[in-house]
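Peer 1: Just one file: data.txt, with compact mmCIF, C-alpha atoms.
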```txt
# COMPACT_ATOMS: atom_id res chain seq x y z
CA MET A 1 54.26 26.94 195.05
CA GLY A 2 54.16 29.61 192.41
CA THR A 3 53.34 33.16 191.35
CA PRO A 4 51.09 34.38 188.54
CA GLN A 5 54.08 35.71 186.57
CA PHE A 6 57.49 34.02 186.44
CA ILE A 7 60.34 33.00 184.15
CA ILE A 8 61.80 29.52 183.64
CA LYS A 9 65.40 29.39 182.44
CA PRO A 10 66.35 25.86 181.36
CA ARG A 11 69.37 24.66 179.39
CA TRP A 12 67.13 23.48 176.57
CA VAL A 13 63.53 24.16 175.55
CA ILE A 14 61.95 21.28 173.58
CA PRO A 15 58.85 22.96 172.09
CA MET A 16 57.26 19.90 170.40
CA ASP A 17 55.64 22.30 167.92
CA GLY A 18 56.26 20.15 164.85
CA HIS A 19 59.59 21.68 163.86
CA GLN A 20 61.88 19.28 165.76
CA ALA A 21 63.66 22.34 167.12
CA ILE A 22 65.79 22.40 170.26
CA LEU A 23 66.14 25.89 171.71
CA GLU A 24 69.29 26.23 173.78
CA HIS A 25 69.65 29.04 176.33
CA TYR A 26 66.08 30.27 175.93
CA ALA A 27 63.62 31.34 178.62
CA VAL A 28 59.89 30.69 178.89
CA LEU A 29 57.77 33.48 180.39
CA VAL A 30 54.59 32.38 182.14
CA ASP A 31 51.78 34.83 182.86
CA THR A 32 48.62 33.83 184.72
CA GLY A 33 48.77 30.20 183.70
CA ARG A 34 49.72 30.67 180.06
CA ILE A 35 52.94 30.90 178.07
CA ARG A 36 53.45 34.60 177.39
CA ALA A 37 56.73 34.46 175.47
CA ILE A 38 59.71 32.27 174.52
CA VAL A 39 62.86 34.37 174.17
CA PRO A 40 66.65 34.05 174.40
CA LYS A 41 67.79 34.28 178.02
CA THR A 42 69.76 37.42 177.19
CA GLU A 43 66.69 39.16 175.72
CA ILE A 44 64.19 39.18 178.58
CA PRO A 45 61.75 42.02 177.80
CA THR A 46 61.78 45.00 180.14
CA TRP A 47 58.18 44.40 181.20
CA ALA A 48 59.24 41.06 182.69
CA SER A 49 62.62 42.12 184.08
CA ASP A 50 61.46 41.91 187.70
CA TRP A 51 59.57 38.60 187.40
CA PRO A 52 60.86 35.82 189.65
CA VAL A 53 63.08 33.25 187.94
CA THR A 54 63.17 29.46 188.24
CA ASP A 55 66.66 28.48 187.17
CA CYS A 56 67.03 25.04 185.62
CA PRO A 57 70.62 25.24 184.34
CA GLN A 58 71.07 21.61 183.23
CA HIS A 59 67.47 20.77 182.47
CA ALA A 60 65.30 20.20 179.43
CA LEU A 61 61.96 21.99 179.56
CA LEU A 62 59.20 20.24 177.65
CA PRO A 63 55.41 20.09 177.61
CA GLY A 64 53.74 18.06 180.33
CA LEU A 65 53.30 14.42 179.34
CA ILE A 66 49.82 13.11 178.49
CA ASN A 67 48.78 9.63 179.62
CA LEU A 68 46.24 8.72 176.95
CA HIS A 69 44.83 5.60 178.60
CA VAL A 70 44.72 4.82 182.32
CA HIS A 71 42.43 3.44 184.99
CA SER A 72 43.84 5.69 187.70
CA SER A 73 42.18 4.33 190.84
CA MET A 74 43.41 0.82 190.05
CA ASN A 75 46.64 1.98 191.71
CA LEU A 76 45.20 0.28 194.80
CA LEU A 77 45.47 -3.05 192.95
CA LYS A 78 49.09 -2.54 191.88
CA GLY A 79 50.74 -5.96 191.89
CA TYR A 80 47.53 -7.63 193.07
CA ALA A 81 47.24 -10.29 190.35
CA ASP A 82 50.39 -10.45 188.28
CA ASP A 83 51.53 -12.83 185.55
CA HIS A 84 48.16 -13.77 184.04
CA ALA A 85 46.79 -13.32 180.52
CA LEU A 86 44.09 -10.69 180.09
CA THR A 87 40.97 -12.86 180.11
CA PRO A 88 41.69 -14.89 183.29
CA TRP A 89 43.24 -11.79 184.86
CA LEU A 90 39.95 -9.92 184.43
CA ASN A 91 37.49 -12.74 185.07
CA GLU A 92 39.19 -14.52 187.95
CA HIS A 93 41.04 -11.72 189.74
CA ILE A 94 40.28 -8.10 188.88
CA TRP A 95 36.50 -8.15 188.47
CA PRO A 96 35.96 -10.14 191.70
CA ALA A 97 38.24 -7.73 193.58
CA GLU A 98 36.36 -4.76 192.15
CA ARG A 99 33.03 -6.26 193.19
CA GLN A 100 34.34 -6.48 196.74
CA TRP A 101 36.18 -3.20 197.06
CA VAL A 102 35.23 -0.52 194.54
CA SER A 103 33.46 2.47 196.07
CA GLN A 104 33.71 6.25 195.99
CA PHE A 105 36.40 6.04 198.67
CA PHE A 106 38.39 3.38 196.79
CA VAL A 107 38.29 5.49 193.63
CA ARG A 108 39.19 8.73 195.40
CA ASP A 109 42.12 7.21 197.28
CA GLY A 110 43.41 5.19 194.34
CA SER A 111 43.19 8.23 192.09
CA LEU A 112 45.10 10.34 194.62
CA LEU A 113 47.94 7.82 194.57
CA ALA A 114 47.85 7.72 190.78
CA CYS A 115 47.89 11.51 190.49
CA ALA A 116 50.93 11.69 192.78
CA GLU A 117 52.74 9.03 190.78
CA MET A 118 51.94 10.73 187.49
CA LEU A 119 52.78 14.27 188.65
CA SER A 120 56.12 13.13 190.01
CA GLY A 121 56.82 11.52 186.64
CA GLY A 122 55.93 14.61 184.61
CA VAL A 123 52.39 13.65 183.55
CA THR A 124 50.15 16.71 183.65
CA THR A 125 47.06 15.30 181.87
CA PHE A 126 45.52 11.84 181.87
CA ASN A 127 42.67 10.17 180.01
CA ASP A 128 40.85 8.06 182.58
CA MET A 129 38.30 5.27 182.40
CA TYR A 130 36.74 4.06 185.63
CA PHE A 131 33.73 4.02 187.92
CA PHE A 132 32.60 6.86 190.25
CA PRO A 133 33.99 9.67 188.09
CA GLN A 134 33.24 12.39 190.68
CA ALA A 135 35.62 10.63 193.09
CA THR A 136 38.40 10.72 190.51
CA ILE A 137 37.65 14.38 189.85
CA GLU A 138 37.87 15.07 193.60
CA ALA A 139 41.43 13.68 193.57
CA VAL A 140 42.29 15.58 190.38
CA LYS A 141 41.10 18.87 191.83
CA ARG A 142 43.09 18.35 195.01
CA CYS A 143 46.37 17.63 193.21
CA GLY A 144 45.82 20.26 190.52
CA MET A 145 46.20 18.07 187.44
CA ARG A 146 44.28 18.13 184.19
CA ALA A 147 42.06 15.13 183.43
CA HIS A 148 39.90 13.83 180.62
CA ILE A 149 37.31 11.70 182.40
CA GLY A 150 35.94 8.63 180.64
CA LEU A 151 32.32 7.97 181.66
CA VAL A 152 32.28 4.17 181.86
CA VAL A 153 29.43 2.20 180.31
CA MET A 154 28.89 -1.58 180.51
CA GLU A 155 25.95 -3.93 180.27
CA PHE A 156 26.45 -5.78 183.57
CA PRO A 157 25.99 -4.50 187.12
CA THR A 158 28.87 -3.26 189.29
CA ASN A 159 29.07 -1.40 192.58
CA TYR A 160 28.65 1.79 190.54
CA ALA A 161 25.65 1.07 188.30
CA ALA A 162 23.17 -1.67 187.43
CA THR A 163 22.36 -1.26 183.72
CA ALA A 164 23.81 0.47 180.67
CA ASN A 165 21.23 3.23 181.06
CA ASP A 166 22.29 3.70 184.68
CA TYR A 167 25.91 4.11 183.63
CA ILE A 168 24.92 6.67 180.99
CA ARG A 169 22.72 8.61 183.44
CA LEU A 170 25.38 8.72 186.15
CA GLY A 171 28.05 9.69 183.64
CA THR A 172 26.06 12.55 182.14
CA GLU A 173 25.29 13.81 185.66
CA ALA A 174 29.04 13.94 186.40
CA ARG A 175 29.66 15.73 183.12
CA ASP A 176 26.90 18.27 183.82
CA GLN A 177 28.36 18.96 187.27
CA TYR A 178 31.84 19.77 185.95
CA LYS A 179 31.31 20.83 182.34
CA SER A 180 32.40 24.41 183.05
CA ASP A 181 35.66 23.35 184.76
CA ALA A 182 38.61 24.30 182.55
CA GLN A 183 40.81 21.45 183.78
CA ILE A 184 38.22 18.66 183.42
CA THR A 185 36.94 17.35 180.09
CA PHE A 186 34.89 14.26 179.30
CA SER A 187 34.20 11.44 176.90
CA PHE A 188 31.90 8.44 176.99
CA ALA A 189 33.87 5.29 177.78
CA PRO A 190 32.06 2.13 176.67
CA HIS A 191 34.39 -0.41 178.22
CA ALA A 192 34.99 -2.75 175.29
CA PRO A 193 33.24 -4.48 172.38
CA TYR A 194 32.82 -7.62 174.51
CA THR A 195 31.05 -5.80 177.38
CA VAL A 196 28.79 -3.41 175.44
CA SER A 197 25.84 -4.22 173.17
CA ASN A 198 25.10 -2.89 169.70
CA GLN A 199 22.13 -0.93 171.05
CA THR A 200 24.25 0.78 173.71
CA PHE A 201 27.05 1.60 171.27
CA GLU A 202 24.52 3.20 168.90
CA LYS A 203 22.98 5.19 171.74
CA LEU A 204 26.40 6.43 172.86
CA ALA A 205 27.37 7.43 169.32
CA THR A 206 24.22 9.57 169.12
CA LEU A 207 24.68 11.09 172.58
CA ALA A 208 28.35 11.80 171.97
CA GLU A 209 27.47 13.75 168.83
CA GLN A 210 24.69 15.66 170.58
CA LEU A 211 26.90 16.60 173.57
CA ASN A 212 30.12 17.03 171.56
CA LEU A 213 31.88 14.35 173.58
CA GLY A 214 34.45 11.86 172.41
CA ILE A 215 34.37 8.09 172.82
CA HIS A 216 37.15 6.16 174.59
CA THR A 217 37.11 2.36 174.42
CA HIS A 218 39.35 -0.69 174.36
CA LEU A 219 39.74 -2.25 170.93
CA HIS A 220 41.62 -5.20 169.40
CA GLU A 221 43.60 -5.75 172.58
CA THR A 222 43.79 -9.54 172.30
CA ARG A 223 43.27 -12.29 169.74
CA THR A 224 40.61 -13.78 172.05
CA GLU A 225 38.55 -10.57 171.82
CA ILE A 226 38.66 -10.73 168.03
CA GLN A 227 37.75 -14.42 167.86
CA GLN A 228 34.82 -13.90 170.22
CA SER A 229 33.58 -11.08 168.02
CA MET A 230 33.85 -13.27 164.92
CA ASP A 231 31.92 -16.05 166.66
CA ARG A 232 29.21 -13.78 168.03
CA PHE A 233 28.83 -11.06 165.37
CA GLY A 234 30.51 -12.51 162.31
CA GLN A 235 32.91 -9.58 162.05
CA ARG A 236 35.96 -8.14 163.73
CA PRO A 237 35.39 -5.55 166.48
CA LEU A 238 36.54 -2.55 164.44
CA ALA A 239 34.19 -3.37 161.55
CA ARG A 240 31.34 -3.79 164.03
CA LEU A 241 32.00 -0.49 165.80
CA HIS A 242 32.43 1.35 162.51
CA ALA A 243 29.04 0.05 161.33
CA LEU A 244 27.52 1.25 164.63
CA GLY A 245 28.83 4.79 164.10
CA VAL A 246 31.31 4.73 166.98
CA ILE A 247 34.58 5.40 165.13
CA GLY A 248 35.50 8.97 164.19
CA PRO A 249 37.85 11.89 164.83
CA GLN A 250 36.81 12.10 168.49
CA THR A 251 37.42 8.41 169.18
CA VAL A 252 40.35 7.14 171.27
CA LEU A 253 40.96 3.41 170.88
CA ALA A 254 43.08 1.84 173.59
CA HIS A 255 45.67 -0.77 172.59
CA GLY A 256 44.93 -1.58 168.94
CA VAL A 257 47.35 -4.49 169.16
CA HIS A 258 45.81 -6.67 166.48
CA LEU A 259 45.05 -4.36 163.57
CA GLU A 260 45.45 -5.50 159.98
CA THR A 261 46.61 -3.30 157.11
CA HIS A 262 43.11 -2.57 155.81
CA GLU A 263 42.02 -1.68 159.36
CA LEU A 264 44.87 0.78 159.74
CA GLU A 265 43.79 2.41 156.49
CA ARG A 266 40.20 2.57 157.77
CA LEU A 267 41.24 4.20 161.04
CA ALA A 268 43.37 6.74 159.20
CA THR A 269 40.48 7.62 156.90
CA LEU A 270 38.09 7.96 159.84
CA GLY A 271 40.55 10.10 161.82
CA ALA A 272 40.43 7.96 164.96
CA HIS A 273 43.27 7.95 167.50
CA VAL A 274 45.10 5.04 169.13
CA ALA A 275 46.38 4.94 172.72
CA HIS A 276 49.40 2.65 172.54
CA CYS A 277 50.14 0.90 175.87
CA PRO A 278 53.27 -1.15 175.16
CA CYS A 279 54.22 -2.19 178.70
CA SER A 280 50.75 -3.43 179.64
CA ASN A 281 50.48 -5.27 176.33
CA LEU A 282 53.82 -6.97 177.00
CA LYS A 283 52.99 -7.89 180.59
CA LEU A 284 49.63 -9.42 179.64
CA ALA A 285 51.20 -11.05 176.55
CA SER A 286 48.56 -9.36 174.42
CA GLY A 287 51.00 -8.77 171.56
CA ILE A 288 52.95 -6.00 169.86
CA ALA A 289 50.92 -3.26 168.19
CA PRO A 290 51.82 -2.35 164.56
CA VAL A 291 52.87 1.16 165.55
CA ALA A 292 55.28 1.90 162.71
CA ALA A 293 52.72 0.82 160.11
CA ALA A 294 50.00 2.82 161.87
CA LEU A 295 52.15 5.97 161.82
CA ARG A 296 52.92 5.44 158.14
CA ALA A 297 49.19 5.13 157.50
CA GLY A 298 48.69 8.54 159.10
CA ILE A 299 47.06 7.49 162.37
CA ASN A 300 47.61 9.73 165.38
CA ILE A 301 49.11 7.62 168.17
CA GLY A 302 49.51 8.66 171.79
CA LEU A 303 50.88 6.73 174.74
CA GLY A 304 49.07 5.27 177.72
CA THR A 305 50.13 3.23 180.69
CA ASP A 306 46.87 1.36 181.23
CA GLY A 307 46.09 0.80 184.92
CA ALA A 308 48.69 0.04 187.56
CA ALA A 309 47.10 -3.38 188.05
CA SER A 310 48.38 -4.45 184.63
CA ASN A 311 51.54 -2.43 184.13
CA ASN A 312 52.47 -1.84 187.15
CA ARG A 313 53.79 1.71 186.71
CA LEU A 314 52.17 4.92 185.53
CA ASP A 315 55.46 5.83 183.91
CA LEU A 316 55.36 7.54 180.50
CA TRP A 317 59.17 7.49 180.26
CA GLN A 318 59.16 3.71 180.29
CA GLU A 319 56.33 3.71 177.74
CA MET A 320 58.23 6.07 175.42
CA ARG A 321 61.39 4.00 175.44
CA THR A 322 59.53 0.70 175.10
CA ALA A 323 57.33 2.02 172.30
CA ALA A 324 60.35 3.16 170.30
CA LEU A 325 62.31 -0.06 170.82
CA LEU A 326 59.35 -2.37 170.13
CA ALA A 327 58.47 -0.56 166.93
CA LYS A 328 62.01 -0.91 165.65
CA VAL A 329 62.21 -4.65 166.20
CA ALA A 330 58.64 -5.34 165.04
CA ASP A 331 59.21 -3.29 161.89
CA ASP A 332 62.75 -4.64 161.41
CA GLN A 333 64.02 -1.09 160.96
CA ALA A 334 66.13 0.93 163.39
CA THR A 335 64.69 4.12 161.91
CA SER A 336 61.11 3.25 162.89
CA VAL A 337 59.81 5.56 165.66
CA PRO A 338 62.85 7.75 166.29
CA ALA A 339 63.19 9.57 169.61
CA TYR A 340 61.36 12.73 168.52
CA THR A 341 58.40 10.68 167.31
CA ALA A 342 58.22 8.84 170.64
CA LEU A 343 58.27 12.19 172.44
CA GLU A 344 55.48 13.44 170.17
CA MET A 345 53.43 10.40 171.13
CA ALA A 346 53.77 11.34 174.81
CA THR A 347 52.92 15.03 174.30
CA ILE A 348 51.28 16.69 171.30
CA ASN A 349 49.79 13.48 169.89
CA GLY A 350 48.00 12.84 173.17
CA ALA A 351 46.68 16.41 173.12
CA ARG A 352 45.36 15.91 169.57
CA ALA A 353 43.60 12.72 170.58
CA LEU A 354 41.75 14.58 173.34
CA GLY A 355 40.95 17.59 171.16
CA LEU A 356 43.16 19.76 173.38
CA GLN A 357 45.98 20.49 170.92
CA ASP A 358 45.19 24.23 170.97
CA GLN A 359 45.69 24.30 174.75
CA ILE A 360 48.38 21.78 175.70
CA GLY A 361 50.95 19.37 174.27
CA SER A 362 53.58 21.86 173.07
CA ILE A 363 55.42 24.93 174.30
CA GLU A 364 53.94 27.75 172.24
CA THR A 365 52.93 31.31 173.02
CA GLY A 366 49.35 31.46 174.27
CA LYS A 367 49.12 27.82 175.31
CA GLN A 368 48.56 26.61 178.85
CA ALA A 369 51.72 26.48 180.94
CA ASP A 370 51.66 22.72 181.47
CA LEU A 371 55.42 22.22 181.64
CA ILE A 372 58.02 19.89 183.10
CA ALA A 373 61.73 20.25 183.77
CA VAL A 374 63.97 17.19 183.48
CA LYS A 375 67.51 17.23 184.89
CA LEU A 376 70.07 15.79 182.49
CA ASP A 377 73.38 16.29 184.29
CA ASP A 378 73.55 13.39 186.71
CA LEU A 379 76.23 10.75 186.24
CA ASN A 380 73.96 8.36 184.34
CA SER A 381 72.96 11.10 181.88
CA LEU A 382 76.42 12.27 180.84
CA PRO A 383 77.61 12.95 178.26
CA CYS A 384 74.53 14.42 176.58
CA PHE A 385 74.92 15.00 172.83
CA ASP A 386 71.19 15.23 172.03
CA PRO A 387 68.61 16.07 174.73
CA VAL A 388 65.69 14.63 172.74
CA SER A 389 67.47 11.29 172.40
CA HIS A 390 68.35 11.40 176.09
CA LEU A 391 64.76 12.10 177.12
CA VAL A 392 63.57 8.94 175.37
CA TYR A 393 66.48 6.51 175.72
CA VAL A 394 68.27 7.63 178.89
CA ALA A 395 66.08 9.65 181.22
CA GLY A 396 63.67 8.25 183.78
CA ARG A 397 60.85 9.74 185.78
CA GLU A 398 63.15 10.26 188.76
CA GLN A 399 64.86 13.04 186.76
CA VAL A 400 61.69 15.16 186.63
CA THR A 401 62.35 18.04 189.02
CA HIS A 402 59.41 20.39 188.34
CA THR A 403 55.87 19.82 187.14
CA TRP A 404 53.70 22.86 186.39
CA VAL A 405 50.01 22.66 185.50
CA GLN A 406 48.42 25.87 184.26
CA GLY A 407 51.41 27.76 185.59
CA HIS A 408 51.17 26.32 189.11
CA LEU A 409 54.09 24.31 190.45
CA ARG A 410 52.22 21.16 191.47
CA TYR A 411 55.30 19.00 192.11
CA GLN A 412 58.97 19.53 192.83
CA ARG A 413 61.83 17.15 193.56
CA THR A 414 64.28 18.82 195.91
CA GLU A 415 68.07 18.68 195.70
CA THR A 416 67.99 15.94 198.37
CA GLY A 417 65.56 13.86 196.30
CA GLN A 418 62.47 14.62 198.38
CA SER A 419 59.12 14.74 196.57
CA VAL A 420 57.08 17.82 197.42
CA PHE A 421 53.50 18.19 196.18
CA GLU A 422 51.55 21.42 196.34
CA ASN A 423 48.44 20.01 198.00
CA MET A 424 49.39 16.48 199.01
CA ASP A 425 51.68 15.05 201.66
CA ALA A 426 53.82 12.06 200.69
CA GLU A 427 53.47 10.48 204.15
CA GLU A 428 49.69 10.79 203.99
CA LEU A 429 49.67 9.09 200.60
CA LYS A 430 51.82 6.23 201.91
CA SER A 431 49.43 5.80 204.82
CA ILE A 432 46.44 5.62 202.45
CA ALA A 433 48.18 2.96 200.34
CA LEU A 434 49.11 0.83 203.37
CA GLN A 435 45.62 1.04 204.87
CA TRP A 436 44.09 -0.31 201.67
CA GLN A 437 46.75 -2.99 201.40
CA LEU A 438 45.91 -4.21 204.90
CA LYS A 439 42.17 -4.25 204.12
CA ILE A 440 42.58 -6.18 200.90
CA GLN A 441 45.15 -8.61 202.29
CA SER A 442 43.12 -9.35 205.41
CA SER A 443 40.09 -10.26 203.31
CA HIS A 444 42.14 -12.98 201.56
CA SER A 445 44.00 -14.34 204.59
```
How does the structure come out when it is put into structure tokens?
Peer 2:
Amino acid sequence: MGTPQFIIKPRWVIPMDGHQAILEHYAVLVDTGRIRAIVPKTEIPTWASDWPVTDCPQHALLPGLINLHVHSSMNLLKGYADDHALTPWLNEHIWPAERQWVSQFFVRDGSLLACAEMLSGGVTTFNDMYFFPQATIEAVKRCGMRAHIGLVVMEFPTNYAATANDYIRLGTEARDQYKSDAQITFSFAPHAPYTVSNQTFEKLATLAEQLNLGIHTHLHETRTEIQQSMDRFGQRPLARLHALGVIGPQTVLAHGVHLETHELERLATLGAHVAHCPCSNLKLASGIAPVAAALRAGINIGLGTDGAASNNRLDLWQEMRTAALLAKVADDQATSVPAYTALEMATINGARALGLQDQIGSIETGKQADLIAVKLDDLNSLPCFDPVSHLVYVAGREQVTHTWVQGHLRYQRTETGQSVFENMDAEELKSIALQWQLKIQSSHS
């Protein structure tokens, strides 16, 4: 589904390079997986005059979206335990189901489904956190995406590991196996302050520095989490993790719903990043994160979906729109989080959080050709006065027609609306999903 050298000719190029520019009637030249040039359509250089062309006449071309927080293989638990608050949802439903079902096969199959859902919605990179990381990587390699793999660490036993040291050993083995793979990067992923001890956090902070890995954890997701931390440690989770050396410029904190003004200032000073997951936070009634205040403080904020068990979509378009609207009403200002800012959160901000801003997240010469084309001429999208506004407030994932990762066309939506993946068959994926549904349902009947 692609050649080493080709030209994309969209209606608009949205570079996301910090200049808020919209390039109309430009072409993007891709050479061996990277962006070779961005030129007016009428000025294609002679050395590229015979390159094949992908015409996208009524499309916006933008960088691939980056899902900054997801538990990809939980796609197999989509809709499994809806309409519960986080603590009972985890303790009474999700953790028991994981004890029964999670295995390498569960993770591989669930991740395959997640990769297909994300690719078809324009996500080219995701920041994962789950068990059996090699199984997730197997799915990632098959579908051709880019993934930042969180190496999960907890104190209690699961089907994957027995002790915190086991989790760390298995995670570092996975990292050693794939550390030379250009499309796979890693961070340690201590699950949360309420599932990881001080000793383990300190050990991970040291290891992360030694191995030049980031840290990806949940933080300040619910008021219950904060109250438990006050009762047990006498301090809020952020203060505790800061004292343990966990928070820094390579830290991605998922949710950050309940952050006070002084904590926002601390995070900005430390250079940590926040993965904002508005739809999951709404569904679990966790609260509304102070996104506008965090941005004003200078914190880099990306967007995540969380897992499909708590969302129930891996849909960055829905997250963008929800993030912008929530910030406006929470901040009582219609100017809070304008469309371009929301689009930054889904692209270049996510790349910065993963330390990949020199490779992905914007359309610039020399960067990886992780690109998506979004069709903006259907009835529901017309008229279109501003493509950036339309991408955030009007468009949906069903309008993504092409998804390239490293210059390879990994997904295409045909004129008849059929989803075509480079290395996956939609019918096979449906069969996998239904087989797991039957297994899980039969065990509860």
Peer 1: Rank nothing, just name the residue among A:Ala373, A:Ala48, A:Cys384, A:Ile7 nearest to Val30 (chain A), using all atoms listed in the file.
Peer 2: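 When distances to Val30 (chain A) are compared using all atoms listed in the file, the smallest one comes from A:Ile7.
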Peer 1: Out of A:Tyr167, A:Phe106, A:Trp89, A:Trp51, which residue has the shortest atom-to-atom distance to Ser310 (chain A) when counting only C-alpha atoms?
Peer 2: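 Among A:Tyr167, A:Phe106, A:Trp89, A:Trp51, it is A:Trp89 that comes nearest to Ser310 (chain A).
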Peer 1: Which neighbours of Arg413 (chain A) fall inside 9 Å, counting all atoms listed in the file, when residues of the same chain fewer than 6 positions from it are skipped, and could you give them as JSON, numbers by chain?
Peer 2: {"A": [120, 398, 399, 400, 401, 402, 419, 420, 421]}
Peer 1: Could you list, as a PDB file with C-alpha atoms, in the frame of the given file, every residue within 8 Å of region 331-339 of chain A, counting all atoms listed in the file and ignoring same-chain residues fewer than 4 positions away?
Peer 2:
```
ATOM      1  CA  PRO A 290      51.820  -2.350 164.560  1.00  0.00           C
ATOM      2  CA  ALA A 292      55.280   1.900 162.710  1.00  0.00           C
ATOM      3  CA  ALA A 293      52.720   0.820 160.110  1.00  0.00           C
ATOM      4  CA  ALA A 323      57.330   2.020 172.300  1.00  0.00           C
ATOM      5  CA  ALA A 324      60.350   3.160 170.300  1.00  0.00           C
ATOM      6  CA  ALA A 327      58.470  -0.560 166.930  1.00  0.00           C
ATOM      7  CA  LEU A 343      58.270  12.190 172.440  1.00  0.00           C
ATOM      8  CA  VAL A 388      65.690  14.630 172.740  1.00  0.00           C
ATOM      9  CA  SER A 389      67.470  11.290 172.400  1.00  0.00           C
ATOM     10  CA  VAL A 392      63.570   8.940 175.370  1.00  0.00           C
ATOM     11  CA  TYR A 393      66.480   6.510 175.720  1.00  0.00           C
TER      12      TYR A 393
END
```
Peer 1: Using all atoms listed in the file, which residues sit within 7 Å of region 265-276 of chain A once same-chain residues fewer than 4 positions away are excluded, as a short mmCIF file (atom, residue, chain, number, x, y, z; two decimals) with C-alpha atoms, in the coordinates of the input?
Peer 2:
```cif
data_model
loop_
_atom_site.label_atom_id
_atom_site.label_comp_id
_atom_site.auth_asym_id
_atom_site.auth_seq_id
_atom_site.Cartn_x
_atom_site.Cartn_y
_atom_site.Cartn_z
CA LEU A 68 46.24 8.72 176.95
CA HIS A 69 44.83 5.60 178.60
CA ILE A 247 34.58 5.40 165.13
CA GLY A 248 35.50 8.97 164.19
CA PRO A 249 37.85 11.89 164.83
CA GLN A 250 36.81 12.10 168.49
CA THR A 251 37.42 8.41 169.18
CA VAL A 252 40.35 7.14 171.27
CA LEU A 253 40.96 3.41 170.88
CA ALA A 254 43.08 1.84 173.59
CA HIS A 255 45.67 -0.77 172.59
CA GLY A 256 44.93 -1.58 168.94
CA THR A 261 46.61 -3.30 157.11
CA ALA A 297 49.19 5.13 157.50
CA GLY A 298 48.69 8.54 159.10
CA ILE A 299 47.06 7.49 162.37
CA ASN A 300 47.61 9.73 165.38
CA ILE A 301 49.11 7.62 168.17
CA GLY A 302 49.51 8.66 171.79
CA LEU A 303 50.88 6.73 174.74
CA GLY A 304 49.07 5.27 177.72
CA ALA A 353 43.60 12.72 170.58
#
```
Peer 1: Which value, in Å to one decimal, gives the distance between CA of Gly110 (chain A) and CA of His93 (chain A)?
Peer 2: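 Between these atoms lies a distance of 17.7 Å.
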Peer 1: Which is closer to Gly396 (chain A) than all the others in A:His84, A:Lys328, A:Arg321, A:His258, using only C-alpha atoms?
Peer 2: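 Result for the nearest residue to Gly396 (chain A): A:Arg321.
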Peer 1: What does the distance between CA of Thr3 (chain A) and CA of Asp50 (chain A) come to in Å, to one decimal place?
Peer 2: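 Spanning CA of Thr3 (chain A) to CA of Asp50 (chain A) is a straight-line distance of 12.5 Å.
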Peer 1: Could you produce a table of the residues of region 342-407 of chain A lying within 9 Å of region 140-148 of chain A, with the nearest pair of atoms per residue and their separation in Å rounded to one decimal, using only C-alpha atoms, ordered by chain and increasing residue number, as JSON lines?
Peer 2:
```
{"residue": "A:Leu354", "atom": "CA", "partner": "A:His148", "partner_atom": "CA", "distance": 7.5}
{"residue": "A:Trp404", "atom": "CA", "partner": "A:Met145", "partner_atom": "CA", "distance": 9.0}
{"residue": "A:Val405", "atom": "CA", "partner": "A:Met145", "partner_atom": "CA", "distance": 6.3}
{"residue": "A:Gln406", "atom": "CA", "partner": "A:Met145", "partner_atom": "CA", "distance": 8.7}
```
Peer 1: Next, write the just-selected residues to a file, as a PDB file, in the coordinates of the input, keeping C-alpha atoms as the atom set.
Peer 2:
```
ATOM      1  CA  LEU A 354      41.750  14.580 173.340  1.00  0.00           C
ATOM      2  CA  TRP A 404      53.700  22.860 186.390  1.00  0.00           C
ATOM      3  CA  VAL A 405      50.010  22.660 185.500  1.00  0.00           C
ATOM      4  CA  GLN A 406      48.420  25.870 184.260  1.00  0.00           C
TER       5      GLN A 406
END
```
Peer 1: If you measure from CA of Met320 (chain A) to CA of Glu221 (chain A), what distance in Å do you get, rounded to one decimal?
Peer 2: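 Going from CA of Met320 (chain A) over to CA of Glu221 (chain A) covers 19.0 Å.
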Peer 1: Quick one: of A:Thr403, A:Gln5, A:Gln58, A:Asn75, who's nearest to Leu376 (chain A), counting all atoms listed in the file?
Peer 2: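 Residue with the minimum atom-to-atom distance to Leu376 (chain A): A:Gln58.
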Peer 1: Out of A:Val246, A:Leu409, A:Leu371, A:Ala433, which residue has the shortest atom-to-atom distance to Thr125 (chain A) when counting all atoms listed in the file?
Peer 2: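 With all atoms listed in the file as the atom set, the closest residue is A:Leu371.
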Peer 1: Applying 6 Å and all atoms listed in the file, which residues near region 194-202 of chain A remain after dropping the ones on its own chain fewer than 2 positions away? List them as an MDAnalysis selection string.
Peer 2: chainID A and resid 154:155 192 204:205 244
Peer 1: Determine, counting all atoms listed in the file, which protein, DNA and RNA residues have an atom within 9 Å of an atom of Leu259 (chain A); residues of the same chain fewer than 5 positions away are not included. Present the result as a PyMOL selection string.
Peer 2: chain A and resi 220+238+264+289-290+294
Peer 1: Measuring atom to atom with all atoms listed in the file, identify which of A:Thr32, A:Thr222, A:Glu263, A:Trp317 is nearest to Cys279 (chain A).
Peer 2: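 For Cys279 (chain A), the nearest of the candidates is A:Trp317.
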